[in-house]
Each structure stands twice: as C-alpha cells, then as structure tokens.
>>> print(open('structure-v1.cif').read())   # mmCIF, C-alpha atoms
data_data
#
loop_
_atom_site.label_atom_id
_atom_site.label_comp_id
_atom_site.auth_asym_id
_atom_site.auth_seq_id
_atom_site.Cartn_x
_atom_site.Cartn_y
_atom_site.Cartn_z
CA MET A 1 88.78 117.94 119.78
CA SER A 2 87.30 114.95 117.94
CA SER A 3 86.67 115.18 114.20
CA VAL A 4 83.91 112.54 114.31
CA GLY A 5 80.89 113.85 112.39
CA ARG A 6 82.96 116.47 110.58
CA ARG A 7 81.54 117.36 107.18
CA TRP A 8 83.99 117.59 104.30
CA PRO A 9 83.06 119.48 101.13
CA ARG A 10 82.33 117.42 98.07
CA GLU A 11 85.35 116.33 96.08
CA ASP A 12 83.67 114.40 93.28
CA THR A 13 84.23 115.04 89.59
CA THR A 14 82.84 113.31 86.51
CA PHE A 15 84.41 112.67 83.15
CA ARG A 16 84.03 110.34 80.20
CA ASP A 17 86.64 107.73 79.45
CA ALA A 18 88.51 108.91 76.37
CA ARG A 19 88.37 105.50 74.65
CA THR A 20 84.99 104.06 75.66
CA GLY A 21 82.90 107.16 76.35
CA ARG A 22 81.67 105.70 79.63
CA MET A 23 80.92 108.07 82.48
CA VAL A 24 83.36 107.86 85.41
CA ARG A 25 82.67 109.56 88.71
CA GLN A 26 85.69 110.08 90.96
CA LEU A 27 84.27 110.42 94.48
CA THR A 28 87.40 111.55 96.36
CA ALA A 29 90.29 113.91 95.62
CA TYR A 30 92.11 114.48 98.92
CA ARG A 31 95.92 114.43 98.58
CA ALA A 32 96.33 111.11 100.40
CA HIS A 33 95.13 107.58 99.76
CA SER A 34 91.42 106.76 99.87
CA HIS A 35 89.95 103.35 99.07
CA HIS A 36 86.73 101.38 99.30
CA LEU A 37 86.36 98.22 101.37
CA TYR A 38 87.72 94.90 100.10
CA PHE A 39 85.85 93.69 97.03
CA THR A 40 84.03 90.93 98.98
CA ASN A 41 82.67 93.49 101.49
CA PRO A 42 79.94 95.81 100.18
CA GLY A 43 80.07 99.28 101.74
CA TRP A 44 76.67 100.69 100.72
CA TYR A 45 74.08 101.53 103.38
CA ASP A 46 70.93 103.64 103.89
CA GLY A 47 69.30 101.90 100.96
CA GLY A 48 72.34 102.40 98.75
CA GLU A 49 72.34 106.17 99.23
CA ARG A 50 75.63 106.22 101.16
CA LEU A 51 78.96 104.44 100.81
CA VAL A 52 81.62 103.75 103.44
CA PHE A 53 85.27 104.25 102.49
CA ALA A 54 88.64 104.69 104.20
CA SER A 55 90.98 107.65 103.83
CA ASP A 56 94.42 108.70 105.12
CA ARG A 57 93.58 112.31 105.96
CA GLU A 58 95.62 114.53 108.27
CA ASP A 59 98.25 111.82 108.81
CA ARG A 60 95.86 109.20 110.19
CA THR A 61 93.59 106.53 108.74
CA ASN A 62 89.85 106.75 109.37
CA LEU A 63 86.47 105.67 108.06
CA PHE A 64 84.30 108.11 106.13
CA SER A 65 81.02 107.98 104.26
CA ILE A 66 79.85 109.76 101.15
CA GLU A 67 76.30 110.70 100.32
CA LEU A 68 76.17 109.65 96.69
CA ALA A 69 73.48 112.13 95.63
CA THR A 70 75.34 115.22 96.90
CA GLY A 71 78.95 114.07 97.16
CA GLU A 72 79.17 115.34 100.75
CA ILE A 73 81.66 113.42 102.90
CA THR A 74 81.23 112.71 106.62
CA GLN A 75 84.03 111.57 108.92
CA LEU A 76 82.95 108.51 110.91
CA THR A 77 85.96 107.82 113.16
CA ASP A 78 88.89 109.72 114.65
CA LEU A 79 91.44 107.08 115.61
CA GLU A 80 94.98 107.41 116.87
CA PRO A 81 97.52 105.70 114.59
CA LEU A 82 98.87 102.35 115.78
CA PRO A 83 102.23 100.73 115.01
CA ALA A 84 102.60 97.60 112.88
CA PRO A 85 101.62 94.80 112.91
CA ARG A 86 98.31 96.18 114.21
CA GLU A 87 98.32 99.44 112.27
CA VAL A 88 94.89 100.85 111.45
CA SER A 89 93.48 99.31 108.26
CA PHE A 90 89.94 99.17 106.94
CA LEU A 91 90.26 96.77 104.00
CA SER A 92 88.72 94.12 106.27
CA ALA A 93 85.91 96.34 107.61
CA CYS A 94 82.31 95.38 106.87
CA VAL A 95 78.80 96.85 106.96
CA ASN A 96 75.74 95.22 108.48
CA PRO A 97 73.19 94.44 105.72
CA LEU A 98 70.19 95.14 108.01
CA ARG A 99 71.24 98.06 110.19
CA ALA A 100 73.36 101.19 109.73
CA GLU A 101 76.39 99.77 111.51
CA ALA A 102 79.95 98.98 110.46
CA TYR A 103 82.58 96.78 112.11
CA PHE A 104 86.35 97.11 112.07
CA TRP A 105 89.48 96.05 113.93
CA TYR A 106 91.24 98.70 116.00
CA GLY A 107 94.32 97.00 117.31
CA GLY A 108 92.95 93.74 118.67
CA THR A 109 89.46 95.08 119.34
CA LEU A 110 86.57 94.32 117.02
CA THR A 111 84.58 97.56 117.16
CA ALA A 112 80.99 98.37 116.18
CA LEU A 113 80.31 101.81 114.70
CA ASP A 114 76.82 103.31 114.45
CA LEU A 115 76.80 104.98 111.03
CA HIS A 116 74.21 107.56 112.10
CA SER A 117 75.23 108.52 115.65
CA PHE A 118 78.95 107.61 115.17
CA GLU A 119 78.90 105.85 118.57
CA GLN A 120 81.49 103.08 118.92
CA ARG A 121 81.14 99.89 120.95
CA PRO A 122 83.82 97.26 121.62
CA LEU A 123 82.48 93.81 120.74
CA PHE A 124 85.40 91.42 121.08
CA GLU A 125 89.06 91.38 122.08
CA ALA A 126 91.38 89.10 120.13
CA PRO A 127 93.52 86.85 122.35
CA ASN A 128 97.19 87.73 122.77
CA GLY A 129 99.33 86.22 120.06
CA MET A 130 96.59 86.32 117.42
CA SER A 131 96.39 88.72 114.48
CA CYS A 132 93.04 89.99 113.18
CA HIS A 133 91.80 89.62 109.62
CA MET A 134 88.78 89.75 107.32
CA SER A 135 85.37 90.32 108.91
CA ASN A 136 81.90 89.83 107.45
CA VAL A 137 78.34 89.97 108.79
CA THR A 138 75.85 87.11 108.58
CA ALA A 139 72.81 87.63 106.34
CA ASP A 140 70.49 88.04 109.33
CA GLY A 141 72.67 90.89 110.65
CA ARG A 142 73.19 89.15 114.01
CA PHE A 143 76.86 88.16 113.96
CA VAL A 144 80.25 89.35 112.76
CA CYS A 145 82.46 86.46 111.64
CA ALA A 146 86.20 86.98 111.37
CA ALA A 147 89.51 85.17 111.05
CA LEU A 148 92.17 85.16 113.76
CA ASN A 149 95.63 83.89 112.84
CA GLU A 150 98.64 83.06 114.97
CA ASP A 151 100.90 86.12 114.85
CA LEU A 152 104.20 84.97 113.34
CA SER A 153 105.69 88.45 112.86
CA ARG A 154 108.34 87.92 115.54
CA ARG A 155 109.93 85.03 113.67
CA ILE A 156 108.90 85.69 110.05
CA ARG A 157 109.35 89.06 108.36
CA THR A 158 105.89 89.87 107.06
CA ASP A 159 104.21 92.78 105.32
CA LEU A 160 101.25 91.39 103.42
CA ASN A 161 99.82 94.84 102.71
CA ARG A 162 102.95 95.92 100.81
CA GLY A 163 104.06 93.25 98.42
CA TYR A 164 102.98 90.03 100.17
CA VAL A 165 106.26 89.90 102.07
CA GLY A 166 106.46 86.59 103.95
CA PHE A 167 103.52 85.02 102.11
CA PRO A 168 105.11 81.60 101.30
CA ALA A 169 106.77 81.38 104.72
CA ILE A 170 103.53 81.94 106.62
CA TRP A 171 101.82 79.21 104.60
CA ALA A 172 104.66 76.78 105.21
CA ALA A 173 104.60 77.50 108.97
CA MET A 174 101.02 76.16 109.27
CA PRO A 175 99.88 78.78 111.85
CA HIS A 176 97.11 78.08 114.32
CA CYS A 177 93.99 79.89 113.07
CA GLN A 178 90.41 80.40 114.20
CA ILE A 179 87.11 81.66 112.87
CA VAL A 180 85.13 83.51 115.53
CA ARG A 181 81.46 84.47 115.60
CA VAL A 182 80.71 87.66 117.55
CA PRO A 183 77.16 88.83 118.40
CA VAL A 184 76.57 92.41 117.21
CA GLU A 185 74.34 93.07 120.24
CA GLY A 186 77.19 92.17 122.57
CA GLY A 187 77.83 89.02 124.56
CA ALA A 188 80.20 86.10 124.41
CA ALA A 189 81.84 85.20 121.12
CA ASP A 190 82.46 81.61 120.12
CA VAL A 191 85.13 79.89 118.06
CA VAL A 192 83.24 78.12 115.28
CA HIS A 193 86.31 76.59 113.62
CA GLU A 194 90.03 76.26 114.27
CA GLU A 195 92.91 74.37 112.74
CA ASN A 196 96.64 74.53 112.04
CA TYR A 197 96.34 75.91 108.53
CA TRP A 198 96.47 79.52 107.38
CA ILE A 199 92.87 80.77 107.12
CA GLY A 200 91.86 83.83 105.13
CA HIS A 201 88.94 85.47 103.33
CA VAL A 202 86.08 84.71 105.71
CA ASN A 203 83.03 85.58 103.59
CA THR A 204 79.44 85.22 104.77
CA SER A 205 76.63 84.37 102.35
CA PRO A 206 74.50 87.47 101.66
CA THR A 207 71.25 85.43 101.86
CA GLN A 208 71.94 82.29 103.96
CA ALA A 209 72.61 83.28 107.57
CA HIS A 210 74.13 79.90 108.48
CA LEU A 211 76.71 79.78 105.68
CA LEU A 212 80.15 81.23 105.16
CA SER A 213 83.15 80.41 103.05
CA PHE A 214 86.79 80.69 103.99
CA CYS A 215 90.02 79.84 102.26
CA HIS A 216 93.21 78.00 103.00
CA GLU A 217 95.61 80.80 102.20
CA GLY A 218 98.90 80.25 100.42
CA PRO A 219 100.14 79.54 96.88
CA TRP A 220 97.01 78.50 95.00
CA ASP A 221 98.62 75.46 93.37
CA ARG A 222 100.14 74.21 96.63
CA VAL A 223 97.42 74.57 99.28
CA ASP A 224 95.49 71.39 100.07
CA ASN A 225 92.28 73.06 98.88
CA ARG A 226 91.55 76.76 98.44
CA ILE A 227 87.80 77.22 99.03
CA TRP A 228 86.00 75.80 102.07
CA GLY A 229 82.44 75.99 103.35
CA LEU A 230 81.33 76.27 106.97
CA ASP A 231 77.86 75.66 108.39
CA LEU A 232 77.48 77.85 111.47
CA ARG A 233 74.72 75.65 112.86
CA ASP A 234 76.94 72.63 113.51
CA GLY A 235 80.51 73.69 112.62
CA LYS A 236 80.70 71.31 109.68
CA THR A 237 83.33 72.21 107.05
CA TRP A 238 83.80 70.89 103.53
CA LYS A 239 85.79 71.53 100.38
CA ILE A 240 84.16 73.72 97.74
CA ARG A 241 85.26 73.24 94.15
CA PRO A 242 87.90 70.62 95.07
CA ARG A 243 91.04 70.56 92.95
CA ALA A 244 90.49 68.16 90.06
CA GLU A 245 94.14 67.68 89.06
CA GLU A 246 97.59 68.39 90.44
CA GLY A 247 98.84 71.87 89.56
CA GLU A 248 95.37 73.37 89.15
CA ARG A 249 94.92 76.86 90.64
CA VAL A 250 91.63 78.23 92.05
CA GLY A 251 91.02 81.36 94.08
CA HIS A 252 89.64 84.88 94.69
CA GLU A 253 86.30 83.34 95.59
CA TYR A 254 83.27 85.49 96.41
CA TRP A 255 79.56 85.00 96.96
CA MET A 256 77.26 85.99 94.15
CA ALA A 257 74.15 88.01 94.97
CA ASP A 258 71.94 84.92 95.30
CA GLY A 259 74.01 83.81 98.31
CA VAL A 260 74.22 80.20 97.13
CA ARG A 261 76.74 80.39 94.28
CA ILE A 262 80.42 81.20 94.65
CA GLY A 263 82.37 82.81 91.82
CA HIS A 264 86.02 81.91 91.31
CA HIS A 265 88.79 81.97 88.75
CA GLY A 266 92.00 80.12 88.17
CA ALA A 267 93.93 78.00 85.72
CA TYR A 268 94.00 74.34 84.83
CA ALA A 269 97.23 72.37 85.19
CA ASP A 270 98.09 73.14 81.55
CA ARG A 271 97.78 76.89 82.39
CA ARG A 272 94.52 77.48 80.48
CA PRO A 273 92.63 80.16 82.44
CA PHE A 274 89.04 79.54 83.48
CA TYR A 275 86.22 81.29 85.29
CA GLY A 276 83.23 79.74 86.94
CA ALA A 277 80.59 79.48 89.61
CA ILE A 278 79.53 76.65 91.87
CA ARG A 279 76.89 76.19 94.57
CA TYR A 280 78.14 76.02 98.13
CA ASP A 281 77.16 72.31 98.14
CA ASN A 282 79.29 71.64 95.03
CA GLU A 283 76.25 71.26 92.78
CA GLU A 284 75.71 73.09 89.47
CA ARG A 285 79.36 73.70 88.72
CA VAL A 286 79.76 75.90 85.63
CA GLU A 287 83.21 76.71 84.24
CA ALA A 288 84.54 77.86 80.90
CA GLU A 289 87.86 78.90 79.47
CA PHE A 290 88.40 82.58 80.05
CA PRO A 291 90.01 84.86 77.46
CA GLY A 292 92.28 87.51 78.93
CA GLY A 293 93.06 88.02 82.58
CA SER A 294 92.97 90.32 85.60
CA THR A 295 94.13 90.44 89.19
CA HIS A 296 90.67 90.51 90.85
CA PHE A 297 87.18 89.81 89.53
CA HIS A 298 83.63 90.35 90.73
CA SER A 299 80.08 89.76 89.54
CA ASN A 300 76.55 89.76 90.90
CA ASP A 301 75.83 86.63 88.86
CA LEU A 302 77.54 84.64 86.13
CA GLU A 303 76.18 86.78 83.30
CA LEU A 304 78.58 89.74 83.54
CA ILE A 305 82.07 89.70 85.07
CA VAL A 306 84.32 92.67 85.81
CA GLY A 307 88.10 92.43 86.10
CA ASP A 308 90.84 94.96 86.75
CA GLY A 309 93.47 94.05 84.16
CA SER A 310 96.98 94.65 85.45
CA SER A 311 99.53 97.42 85.87
CA GLY A 312 100.65 96.69 82.31
CA ASN A 313 97.06 96.61 81.02
CA PRO A 314 95.33 99.10 83.36
CA TRP A 315 91.72 98.67 82.27
CA LEU A 316 88.44 97.76 83.85
CA LEU A 317 87.35 94.85 81.67
CA LEU A 318 83.97 93.16 81.18
CA TRP A 319 83.13 89.63 80.09
CA ARG A 320 79.68 88.26 79.22
CA PHE A 321 78.69 84.62 79.64
CA ARG A 322 76.58 83.41 76.74
CA ASP A 323 75.83 79.90 75.46
CA GLY A 324 78.40 78.25 77.68
CA ARG A 325 81.32 80.53 76.87
CA PHE A 326 82.68 83.94 77.82
CA GLU A 327 82.59 86.82 75.35
CA GLY A 328 85.13 89.59 75.69
CA PRO A 329 86.92 91.17 77.29
CA ARG A 330 85.46 94.57 76.48
CA MET A 331 87.11 97.73 77.81
CA LEU A 332 85.00 99.72 80.27
CA ALA A 333 87.38 102.41 81.57
CA ASN A 334 91.10 103.04 81.89
CA HIS A 335 91.91 103.03 85.61
CA ARG A 336 95.71 103.56 85.31
CA ALA A 337 96.25 102.04 88.77
CA SER A 338 99.68 100.97 89.99
CA PHE A 339 98.71 97.95 92.17
CA HIS A 340 101.67 99.05 94.30
CA VAL A 341 100.18 98.26 97.74
CA GLN A 342 96.95 96.61 98.88
CA ILE A 343 95.02 99.85 99.44
CA THR A 344 95.73 100.95 95.85
CA HIS A 345 94.67 97.66 94.30
CA VAL A 346 91.69 98.29 92.06
CA HIS A 347 89.43 95.65 93.74
CA PRO A 348 86.48 96.26 91.39
CA ARG A 349 82.95 95.23 92.35
CA PHE A 350 79.51 95.87 90.91
CA SER A 351 77.00 98.01 92.73
CA PRO A 352 74.00 95.99 93.98
CA ASP A 353 71.90 97.13 91.01
CA GLY A 354 74.68 96.32 88.53
CA ARG A 355 74.72 99.82 87.02
CA TRP A 356 78.15 100.84 88.31
CA VAL A 357 81.55 99.36 89.01
CA LEU A 358 83.15 100.61 92.22
CA TYR A 359 86.95 100.67 92.20
CA THR A 360 90.07 102.38 93.54
CA SER A 361 92.60 104.10 91.30
CA ASP A 362 95.84 105.91 92.08
CA ALA A 363 96.13 107.43 88.60
CA SER A 364 96.66 110.85 90.24
CA GLY A 365 99.41 109.49 92.49
CA TYR A 366 96.95 109.03 95.35
CA GLY A 367 94.34 106.31 95.72
CA ASN A 368 90.82 107.56 95.03
CA VAL A 369 87.40 105.93 95.07
CA CYS A 370 85.63 105.86 91.71
CA LEU A 371 82.47 104.62 90.00
CA ALA A 372 82.32 103.63 86.32
CA GLU A 373 79.01 103.41 84.50
CA VAL A 374 78.43 99.91 83.06
CA GLY A 375 75.95 100.58 80.24
CA ASP A 376 75.52 98.26 77.25
CA PHE A 377 78.17 95.55 76.86
CA ASP A 378 77.80 95.55 73.06
CA ASP A 379 78.67 99.26 72.86
CA LEU A 380 82.11 98.75 74.40
CA PRO A 381 85.30 98.26 72.36
CA ALA A 382 87.11 94.94 72.45
CA ARG A 383 90.41 94.95 74.30
CA ASP A 384 93.36 95.75 72.03
#
>>> encode(input="structure-v1.cif", output="structure tokens")
Amino acid sequence: MSSVGRRWPREDTTFRDARTGRMVRQLTAYRAHSHHLYFTNPGWYDGGERLVFASDREDRTNLFSIELATGEITQLTDLEPLPAPREVSFLSACVNPLRAEAYFWYGGTLTALDLHSFEQRPLFEAPNGMSCHMSNVTADGRFVCAALNEDLSRRIRTDLNRGYVGFPAIWAAMPHCQIVRVPVEGGAADVVHEENYWIGHVNTSPTQAHLLSFCHEGPWDRVDNRIWGLDLRDGKTWKIRPRAEEGERVGHEYWMADGVRIGHHGAYADRRPFYGAIRYDNEERVEAEFPGGSTHFHSNDLELIVGDGSSGNPWLLLWRFRDGRFEGPRMLANHRASFHVQITHVHPRFSPDGRWVLYTSDASGYGNVCLAEVGDFDDLPARD
C-alpha cells in the first residue's frame, strides 16, 4: 500500500541558541537523515506556507513537505530504492516558482510531482550512458533545465556524495556533457548546450526566463573558467567573472533575488579571500576582501551574507556589506554539523523574506532541517 499522502505528526521543536539568544526551530526529528534541497534551489511553495524536504524514513528516501504554521508533515512520494550510481537523491530536486509542482530524477527519468494531488508524470528520459544532475526551473515556470554528464563510473571510482571521491579524475577526463531544457507540460526536450567539459550547477535566473548559469566543474584554480552564462533564446554562452590572474579561485555561484546578479566567493592568487556579486553580463562587479570563511554561502542581495563555518567552527555566520567592505562575521547559531556527506552539509540559505536561515544539521547524529531567526545584525556577538 502506497504511503503517498500519509500525514506524519509534527516533529518540530524550538529553542534559543545558548550563545546568541536567537530562536532556532528544528522542523524534523525522525531517527534518519532529513535535509532541505540544495542551497541554490528554493523549496518553499503555496506562498511560502509549505517547504519541500527529503527524508530517509523506513529505509527509503522520499520527498516530504511541512506546513510551517502547524509543523504537520506530508509524504509526497513512495519510491523504491535504486542502486548506485542512480540511487535516489533529492539534493538536485527543484520547485516550480509559479505552480505547486516539483521535479526530481528517479533513475534516469526526470519526474514531475504535483504537490497538491501527489500525481507523478514522467517528463524526460536521460540517454543511456549519461548521469543526471542539478535541475532548476525557468522564471516563467515553463521549463526544467538540467545537466547530463557522461557516466564515467565504470572506469573511474566515483562517489561525489560521500567525500568527492573521483573529483579530480572526472575533471581531467573531460566528459561529454549537456544541458537540456524540458517542457513542464510535456513534449520534446532539446539540448541547449553541450561540450566536452564537466558541467555542473545549472542554475536558472529567478526573474529572467531566458537566462541560466552553469559551471565548469573541477578544482577551482585549474578549470578554464568556473562561472558561465547561457541565453536560452539563442544558445549563446559566455564567461561570467572571468579569472583575472593565474591561481585565482572563484566558485559556489548563485543567483541573487533580483535575478540579474550572481553572488560568488573565492580567493585571489595570494590567497586573500573575497566575496562579491556581478551582473550576468559582467557589469557592476563588486568585490571586497572577506574576513573569515565558510564552506557555502548564500544571500538574497549583497547586503547580508550567511555562511556555514566549518566542522571545526560549526557556526552559522553573518556578514554585512557596508561602505565597500564586509563587517563581521557575527555568530547567528551553533549548528554543530559534521559535513560528513553531502546530505548533512549545512547548505544555508535565506528565506525569501530574509527573516530566517534554512539549514541542515546533524548535531543529533541525524540530519535535520532547521530554521534560525536572523534578527538584528548588530545584536549578534562577533565570532571568537
């Protein structure tokens, strides 16, 4: 009997961070890993009243949603487990910004899920020999764009979800990769870009339906250029924030809420860390040296940045951009995460209204989905 539509009792608890006093709401507490979508993929829907997340309940991985007002959890899928390399994973799932629908890979099938009726529809089948990666929806809600990469698992030992095993070797192999555009209403998909370079992080602009960014994956200081733009109208590609000097590192790009600026971080050749934003057309580049560090960052604009620290410094951290420089970091909440595997990376991101930071923490031993109240930057203690 299918568990689709099953209601789970609320699991959420609230507490105040012992150091900062900020309210933290832990949304899940099941004794298995739960996590939100990748930090570039917002999971809110129904006007921000519900949030999609993934959870490993009853020895299988499925999508769930939580009603934020009540904490009630609803099971959205009931999928049979699949063996690697196409095991079930929802880090790359995405939500349509204009309709209550989510999209995810199940094996090689890109699947549409109605978030109200729970009906599933197959949209696209990846060709044999290709592995399936990050998906995102265009701003007009009409297309899912996703990366397909040549599957090298038969000749290169890979496990990117557990320690980036095989990462340098995949980059060096120059796999054949594609970006596909799939209509959400059904119909033929088209390949909008392909090349013999490892493609990752296909991210659509949240406001410009014809724009997406993608990256050339690999060691940040060794790829030809990390961030690329793609115009879906004509297939034109171009470098975004080109490397200015040998040895410079740039990455973890994401679209800001305006849909025209891309946030990024990295280090200059002399290892000085920086953070910045740049328009998709390489205009209005703003960068400044960045005190402190983290594994992943997110922001809705350049004014307030959140980072996740590290396993040795397990804090949600905030920086404020004022008068051409970054202030901080200030400590928001202690997440105590291990960063052990991809689904227990913190992957913080702001809520659309900027009031909360969504993140995953395995402080209990299991990954759980949490929200930390942002509040006033000036009230927060400076990092020790």
>>> closest_residue(input="structure-v1.cif", among="A:Val184, A:Ile199, A:Leu302, A:Leu82", to="Val286 (chain A)", atoms="all atoms listed in the file")
A:Leu302
>>> residues_around(input="structure-v1.cif", residues="Val357 (chain A)", least_positions_apart="3", cutoff="8 Å", atoms="only C-alpha atoms", output="list in words")
Val306, Pro348, Arg349, Phe350, Ser351, Gly354, Leu371, Ala372, Glu373 and Val374 of chain A
>>> resolve_selection(input="structure-v1.cif", expression="the PyMOL selection byres ((chain A and resi 251) around 6)", output="CSV table (one decimal) with C-alpha atoms, keeping the file's coordinate frame")
chain,number,residue,atom,x,y,z
A,250,VAL,CA,91.6,78.2,92.0
A,252,HIS,CA,89.6,84.9,94.7
A,253,GLU,CA,86.3,83.3,95.6
A,264,HIS,CA,86.0,81.9,91.3
A,265,HIS,CA,88.8,82.0,88.8
>>> closest_residue(input="structure-v1.cif", among="A:Gly293, A:Gly218, A:Gly43, A:Pro242", to="Tyr280 (chain A)", atoms="only C-alpha atoms")
A:Pro242
>>> resolve_selection(input="structure-v1.cif", expression="the PyMOL selection byres ((chain A and resi 220-222) around 12)", output="compact mmCIF listing (two decimals) with C-alpha atoms, in the frame of the given file")
# COMPACT_ATOMS: atom_id res chain seq x y z
CA PHE A 167 103.52 85.02 102.11
CA PRO A 168 105.11 81.60 101.30
CA TRP A 171 101.82 79.21 104.60
CA ALA A 172 104.66 76.78 105.21
CA CYS A 215 90.02 79.84 102.26
CA HIS A 216 93.21 78.00 103.00
CA GLU A 217 95.61 80.80 102.20
CA GLY A 218 98.90 80.25 100.42
CA PRO A 219 100.14 79.54 96.88
CA VAL A 223 97.42 74.57 99.28
CA ASP A 224 95.49 71.39 100.07
CA ASN A 225 92.28 73.06 98.88
CA ARG A 226 91.55 76.76 98.44
CA ILE A 227 87.80 77.22 99.03
CA PRO A 242 87.90 70.62 95.07
CA ARG A 243 91.04 70.56 92.95
CA ALA A 244 90.49 68.16 90.06
CA GLU A 245 94.14 67.68 89.06
CA GLU A 246 97.59 68.39 90.44
CA GLY A 247 98.84 71.87 89.56
CA GLU A 248 95.37 73.37 89.15
CA ARG A 249 94.92 76.86 90.64
CA VAL A 250 91.63 78.23 92.05
CA GLY A 251 91.02 81.36 94.08
CA HIS A 252 89.64 84.88 94.69
CA GLU A 253 86.30 83.34 95.59
CA HIS A 265 88.79 81.97 88.75
CA GLY A 266 92.00 80.12 88.17
CA ALA A 267 93.93 78.00 85.72
CA TYR A 268 94.00 74.34 84.83
CA ALA A 269 97.23 72.37 85.19
CA ARG A 271 97.78 76.89 82.39
>>> atom_distance(input="structure-v1.cif", atom1="CA of Asp376 (chain A)", atom2="CA of Arg272 (chain A)")
28.3 Å
>>> residues_around(input="structure-v1.cif", residues="Asn96 (chain A)", least_positions_apart="6", cutoff="8 Å", atoms="all atoms listed in the file", output="number ranges by chain")
A: 102-103, 137, 141
>>> resolve_selection(input="structure-v1.cif", expression="the PyMOL selection byres ((chain A and resi 8) around 10)", output="list in words")
Gly5, Arg6, Arg7, Pro9, Arg10, Glu11, Phe64, Ile66, Gly71, Glu72, Ile73, Thr74 and Gln75 of chain A
>>> decode(input="structure-v1.cif", residues="region 171-240 of chain A", atoms="C-alpha atoms", output="compact mmCIF listing (two decimals), in the first residue's frame")
# COMPACT_ATOMS: atom_id res chain seq x y z
CA TRP A 171 37.58 16.79 -14.36
CA ALA A 172 40.74 15.54 -16.04
CA ALA A 173 38.73 13.08 -18.19
CA MET A 174 36.82 15.95 -19.88
CA PRO A 175 33.46 14.09 -20.03
CA HIS A 176 30.87 14.86 -22.67
CA CYS A 177 28.14 16.94 -21.01
CA GLN A 178 24.83 18.51 -22.00
CA ILE A 179 22.31 21.00 -20.68
CA VAL A 180 18.76 20.01 -21.55
CA ARG A 181 15.57 22.06 -21.50
CA VAL A 182 12.42 20.05 -20.76
CA PRO A 183 8.87 21.48 -21.07
CA VAL A 184 6.90 21.01 -17.84
CA GLU A 185 3.69 20.50 -19.84
CA GLY A 186 5.28 17.58 -21.67
CA GLY A 187 6.71 17.35 -25.16
CA ALA A 188 10.12 17.09 -26.73
CA ALA A 189 13.16 18.27 -24.80
CA ASP A 190 16.05 19.99 -26.50
CA VAL A 191 19.78 20.11 -25.86
CA VAL A 192 20.59 23.80 -25.43
CA HIS A 193 24.32 23.32 -24.87
CA GLU A 194 26.89 20.54 -24.98
CA GLU A 195 30.65 20.27 -24.79
CA ASN A 196 33.50 18.05 -23.62
CA TYR A 197 33.94 19.70 -20.24
CA TRP A 198 32.45 18.71 -16.90
CA ILE A 199 29.29 20.78 -16.39
CA GLY A 200 27.65 21.30 -13.02
CA HIS A 201 25.38 23.63 -11.06
CA VAL A 202 22.80 24.54 -13.69
CA ASN A 203 21.00 27.49 -12.06
CA THR A 204 18.17 29.42 -13.68
CA SER A 205 17.65 33.13 -13.01
CA PRO A 206 14.65 33.65 -10.69
CA THR A 207 13.42 36.64 -12.74
CA GLN A 208 14.83 36.32 -16.30
CA ALA A 209 13.26 33.33 -18.04
CA HIS A 210 15.89 33.23 -20.80
CA LEU A 211 18.95 33.15 -18.53
CA LEU A 212 20.78 30.46 -16.63
CA SER A 213 24.26 29.98 -15.27
CA PHE A 214 26.30 26.81 -15.18
CA CYS A 215 29.79 25.97 -14.07
CA HIS A 216 32.80 24.16 -15.39
CA GLU A 217 33.25 21.75 -12.51
CA GLY A 218 36.63 20.78 -11.15
CA PRO A 219 39.38 22.29 -8.97
CA TRP A 220 38.52 25.99 -8.85
CA ASP A 221 42.06 27.16 -9.58
CA ARG A 222 42.52 24.76 -12.50
CA VAL A 223 39.28 24.93 -14.53
CA ASP A 224 39.39 27.17 -17.59
CA ASN A 225 36.65 29.34 -16.08
CA ARG A 226 34.21 28.49 -13.30
CA ILE A 227 31.03 30.52 -13.97
CA TRP A 228 29.31 30.61 -17.36
CA GLY A 229 26.14 32.22 -18.66
CA LEU A 230 23.70 30.75 -21.18
CA ASP A 231 20.99 32.57 -23.13
CA LEU A 232 18.21 30.08 -23.82
CA ARG A 233 16.92 32.13 -26.74
CA ASP A 234 19.96 31.54 -28.96
CA GLY A 235 22.26 29.15 -27.06
CA LYS A 236 24.96 31.77 -26.63
CA THR A 237 27.40 31.10 -23.76
CA TRP A 238 29.94 33.41 -22.14
CA LYS A 239 32.29 33.60 -19.18
CA ILE A 240 30.96 35.29 -16.05
